[in-house]
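Undergrad: Take this structure first; my questions come after.
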Amino acid sequence: MNYKTLQQQYDKIYSFFKTTCEPFDFLEWDGQILQVWQNDGVIEIYCLEDLNFMLVNSL
């Protein structure tokens, strides 16, 4: 997967999480797995299928 595609996906994910979820420090997205970080630790992990379900537009 190329960088541009990953960046577009990350932007959609970040926007969704920033407006609908509890505060977090940063998101780590590799194109398949999303890790939500806070206070130097992973607090949630989502796979691509979970994210497709949560977001209106599929990644």
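In the structure tokens, each chain is lettered A, B, ... as it comes, each chain's residues begin at 1, and ligands are numbered from 1 in order of appearance.
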Compile the contact shell of Asp30 in chain A as a PyMOL selection string: residues with an atom at most 10 Å away, counting only C-alpha atoms, same-chain residues fewer than 5 positions apart removed.

TA: chain A and resi 1+3+6-7+9-10+35+48

Undergrad: Hey, can you spit out that residue selection with C-alpha atoms as a compact mmCIF listing (two decimals), in the first residue's frame?

TA:
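File part.txt, as written:
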# COMPACT_ATOMS: atom_id res chain seq x y z
CA MET A 1 0.00 0.00 0.00
CA TYR A 3 1.96 6.33 1.40
CA LEU A 6 -2.30 5.31 3.97
CA GLN A 7 -2.37 9.05 4.60
CA GLN A 9 -7.09 6.52 5.34
CA TYR A 10 -5.37 7.96 8.41
CA GLN A 35 -3.60 1.32 17.61
CA LEU A 48 -9.53 -2.85 9.11

Undergrad: I'd like the contact shell of Gln38 in chain A - 7 Å cut-off, only C-alpha atoms, skipping same-chain residues fewer than 2 positions apart - returned as a PyMOL selection string.

TA: chain A and resi 24-26+36+40-43

Undergrad: Just write the chosen residues, N, CA and C atoms, as a compact mmCIF listing (two decimals), in the first residue's frame.

TA:
# COMPACT_ATOMS: atom_id res chain seq x y z
N PHE A 24 -7.22 10.96 23.18
CA PHE A 24 -6.10 10.06 22.97
C PHE A 24 -4.89 10.90 22.59
N ASP A 25 -3.71 10.31 22.71
CA ASP A 25 -2.48 11.04 22.38
C ASP A 25 -2.16 10.96 20.89
N PHE A 26 -2.22 9.76 20.33
CA PHE A 26 -2.00 9.62 18.89
C PHE A 26 -2.52 8.28 18.40
N VAL A 36 -4.65 2.85 19.16
CA VAL A 36 -4.96 4.13 19.79
C VAL A 36 -4.10 4.23 21.05
N ASP A 40 1.53 6.79 26.87
CA ASP A 40 2.59 5.81 26.55
C ASP A 40 2.11 4.38 26.49
N GLY A 41 0.84 4.15 26.24
CA GLY A 41 0.34 2.79 26.12
C GLY A 41 -0.81 2.70 25.15
N VAL A 42 -0.97 1.53 24.56
CA VAL A 42 -2.09 1.28 23.65
C VAL A 42 -3.34 1.06 24.48
N ILE A 43 -4.39 1.82 24.18
CA ILE A 43 -5.64 1.67 24.93
C ILE A 43 -6.72 0.95 24.13

Undergrad: Please extract the residues of range 18-57 of chain A with a backbone DSSP assignment of strand (DSSP E) and present them as an mmCIF file with N, CA, C and O atoms, in the first residue's frame.

TA:
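Generated output (out-v9.cif):
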data_model
loop_
_atom_site.group_PDB
_atom_site.id
_atom_site.type_symbol
_atom_site.label_atom_id
_atom_site.label_comp_id
_atom_site.auth_asym_id
_atom_site.auth_seq_id
_atom_site.Cartn_x
_atom_site.Cartn_y
_atom_site.Cartn_z
ATOM 1 N N PHE A 26 -2.216 9.757 20.329
ATOM 2 C CA PHE A 26 -1.997 9.618 18.891
ATOM 3 C C PHE A 26 -2.518 8.276 18.402
ATOM 4 O O PHE A 26 -2.824 7.375 19.190
ATOM 5 N N LEU A 27 -2.645 8.175 17.073
ATOM 6 C CA LEU A 27 -3.095 6.961 16.414
ATOM 7 C C LEU A 27 -1.943 6.406 15.593
ATOM 8 O O LEU A 27 -1.193 7.170 14.977
ATOM 9 N N GLU A 28 -1.824 5.094 15.566
ATOM 10 C CA GLU A 28 -0.816 4.435 14.751
ATOM 11 C C GLU A 28 -1.538 3.513 13.775
ATOM 12 O O GLU A 28 -2.186 2.544 14.186
ATOM 13 N N TRP A 29 -1.435 3.810 12.476
ATOM 14 C CA TRP A 29 -2.170 3.087 11.437
ATOM 15 C C TRP A 29 -1.185 2.521 10.425
ATOM 16 O O TRP A 29 -0.363 3.244 9.868
ATOM 17 N N ILE A 33 -4.096 -2.473 10.841
ATOM 18 C CA ILE A 33 -4.347 -2.399 12.275
ATOM 19 C C ILE A 33 -4.198 -0.951 12.750
ATOM 20 O O ILE A 33 -3.232 -0.276 12.402
ATOM 21 N N LEU A 34 -5.158 -0.503 13.554
ATOM 22 C CA LEU A 34 -5.094 0.820 14.173
ATOM 23 C C LEU A 34 -4.865 0.636 15.665
ATOM 24 O O LEU A 34 -5.602 -0.108 16.325
ATOM 25 N N GLN A 35 -3.851 1.305 16.180
ATOM 26 C CA GLN A 35 -3.602 1.319 17.610
ATOM 27 C C GLN A 35 -3.854 2.738 18.122
ATOM 28 O O GLN A 35 -3.343 3.696 17.550
ATOM 29 N N VAL A 36 -4.647 2.846 19.165
ATOM 30 C CA VAL A 36 -4.959 4.127 19.790
ATOM 31 C C VAL A 36 -4.100 4.227 21.050
ATOM 32 O O VAL A 36 -4.185 3.368 21.925
ATOM 33 N N TRP A 37 -3.269 5.262 21.128
ATOM 34 C CA TRP A 37 -2.313 5.432 22.225
ATOM 35 C C TRP A 37 -2.717 6.559 23.161
ATOM 36 O O TRP A 37 -3.206 7.598 22.711
ATOM 37 N N GLN A 38 -2.486 6.333 24.444
ATOM 38 C CA GLN A 38 -2.642 7.381 25.446
ATOM 39 C C GLN A 38 -1.709 7.060 26.613
ATOM 40 O O GLN A 38 -1.618 5.899 27.043
ATOM 41 N N GLY A 41 0.842 4.153 26.243
ATOM 42 C CA GLY A 41 0.345 2.788 26.125
ATOM 43 C C GLY A 41 -0.812 2.697 25.146
ATOM 44 O O GLY A 41 -1.537 3.666 24.916
ATOM 45 N N VAL A 42 -0.972 1.533 24.562
ATOM 46 C CA VAL A 42 -2.088 1.283 23.647
ATOM 47 C C VAL A 42 -3.345 1.057 24.484
ATOM 48 O O VAL A 42 -3.358 0.222 25.385
ATOM 49 N N ILE A 43 -4.391 1.823 24.178
ATOM 50 C CA ILE A 43 -5.642 1.674 24.935
ATOM 51 C C ILE A 43 -6.721 0.949 24.132
ATOM 52 O O ILE A 43 -7.659 0.421 24.708
ATOM 53 N N GLU A 44 -6.592 0.947 22.799
ATOM 54 C CA GLU A 44 -7.546 0.244 21.942
ATOM 55 C C GLU A 44 -6.837 -0.202 20.678
ATOM 56 O O GLU A 44 -5.907 0.450 20.219
ATOM 57 N N ILE A 45 -7.311 -1.317 20.112
ATOM 58 C CA ILE A 45 -6.790 -1.824 18.847
ATOM 59 C C ILE A 45 -7.986 -2.182 17.965
ATOM 60 O O ILE A 45 -8.938 -2.818 18.431
ATOM 61 N N TYR A 46 -7.928 -1.758 16.696
ATOM 62 C CA TYR A 46 -8.986 -2.051 15.737
ATOM 63 C C TYR A 46 -8.374 -2.625 14.469
ATOM 64 O O TYR A 46 -7.320 -2.178 14.031
ATOM 65 N N CYS A 47 -9.060 -3.584 13.864
ATOM 66 C CA CYS A 47 -8.623 -4.097 12.572
ATOM 67 C C CYS A 47 -9.376 -3.344 11.466
ATOM 68 O O CYS A 47 -10.335 -2.612 11.725
#

Undergrad: Find the distance between CA of Leu51 in chain A and CA of Asn2 in chain A and write it in Å to one decimal.

TA: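 CA of Asn2 in chain A lies 18.9 Å from CA of Leu51 in chain A.
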